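Chemist: Handing you a structure now.
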Amino acid sequence: MEVNVKYCRQEGDFLFDPSMYRQLVGSLNYLTITRPDISYAVQQVSQFMQAPTHLHLSALRRIIRYLQGTISRGLFFPVNSSILLCAYSDADWASCSNTRRSVTVWIRGILGELGFPQIDPTPLHADNTSAIQIAANPVFREHTKHIEVDYIFTKALSRHRHQFLIGKLMLSDHPPSI
């Protein structure tokens with residue numbers, strides 16, 4: 001995604017037939033299971049399934065071009081490895097004004113389907129001082145019912161930062177099998 005670009009629902013001309021857009025977004029949603037590097041971008045274009053515009057289609061094409069250039073990249077799990085989910089939150093993680101949903105339960109379910117059931121609670125790490133204080137002091141929790149949550153991947157990044165984080169996600173490139 002382009003850095004510092006916010007997509008809106010009624011931006012530009014609507015697509016005459018949005019079926020291709022919906023099919024592509026659906027396929028990309030499925031792909032995010034093994035390609036977490038596109039999760040934020042796919043989440044962004046998924047918001048406009050009801051009435052996509054040409055600008056939204058352009059963003060979708062950008063994701064596809066990125067995937068074409070990184071076709072051999074993915075998550076590769078060693079046999080008998082134990083995968084424990086650990087979530088991280090950015091200080092502005094609830095900045096999306098369109099939707100605010102938690103995906104922790106969903107991620108736990110996907111890992112279970114892949115053969116990595118999550119028995120223990122998922123630890124959540126945050127860099128937000130207020131969130132840390134609320135978590136540490138049960139008295140404040142009653143006053144936080146207004147706080148909503150958003151997706152884990154929260155912003156578009158520069159190419160350099162994106163490549164750095166791909167390494168942190170343990171995404172690797174393997175040559176295609178011949």
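Chain labels A, B, ... are given in the sequence in which chains occur in the structure tokens; within each chain residues are numbered consecutively from 1, and ligands are likewise numbered from 1 in the order shown.
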Any idea what's packed within 12 Å of segment 54-69 of chain A, counting only C-alpha atoms, ignoring anything in its chain fewer than 4 positions away? Could you give it as an NGL selection string?

Modeler: :A and (1-3 or 5-29 or 31-32 or 35-50 or 73-74 or 156 or 159 or 162 or 173)

Chemist: What is the atom CA of Ser172 of chain A-atom CA of Ile71 of chain A distance in Å, reported with one decimal?

Modeler: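 Taking atom CA of Ser172 of chain A as the start and atom CA of Ile71 of chain A as the end point, the length is 10.7 Å.
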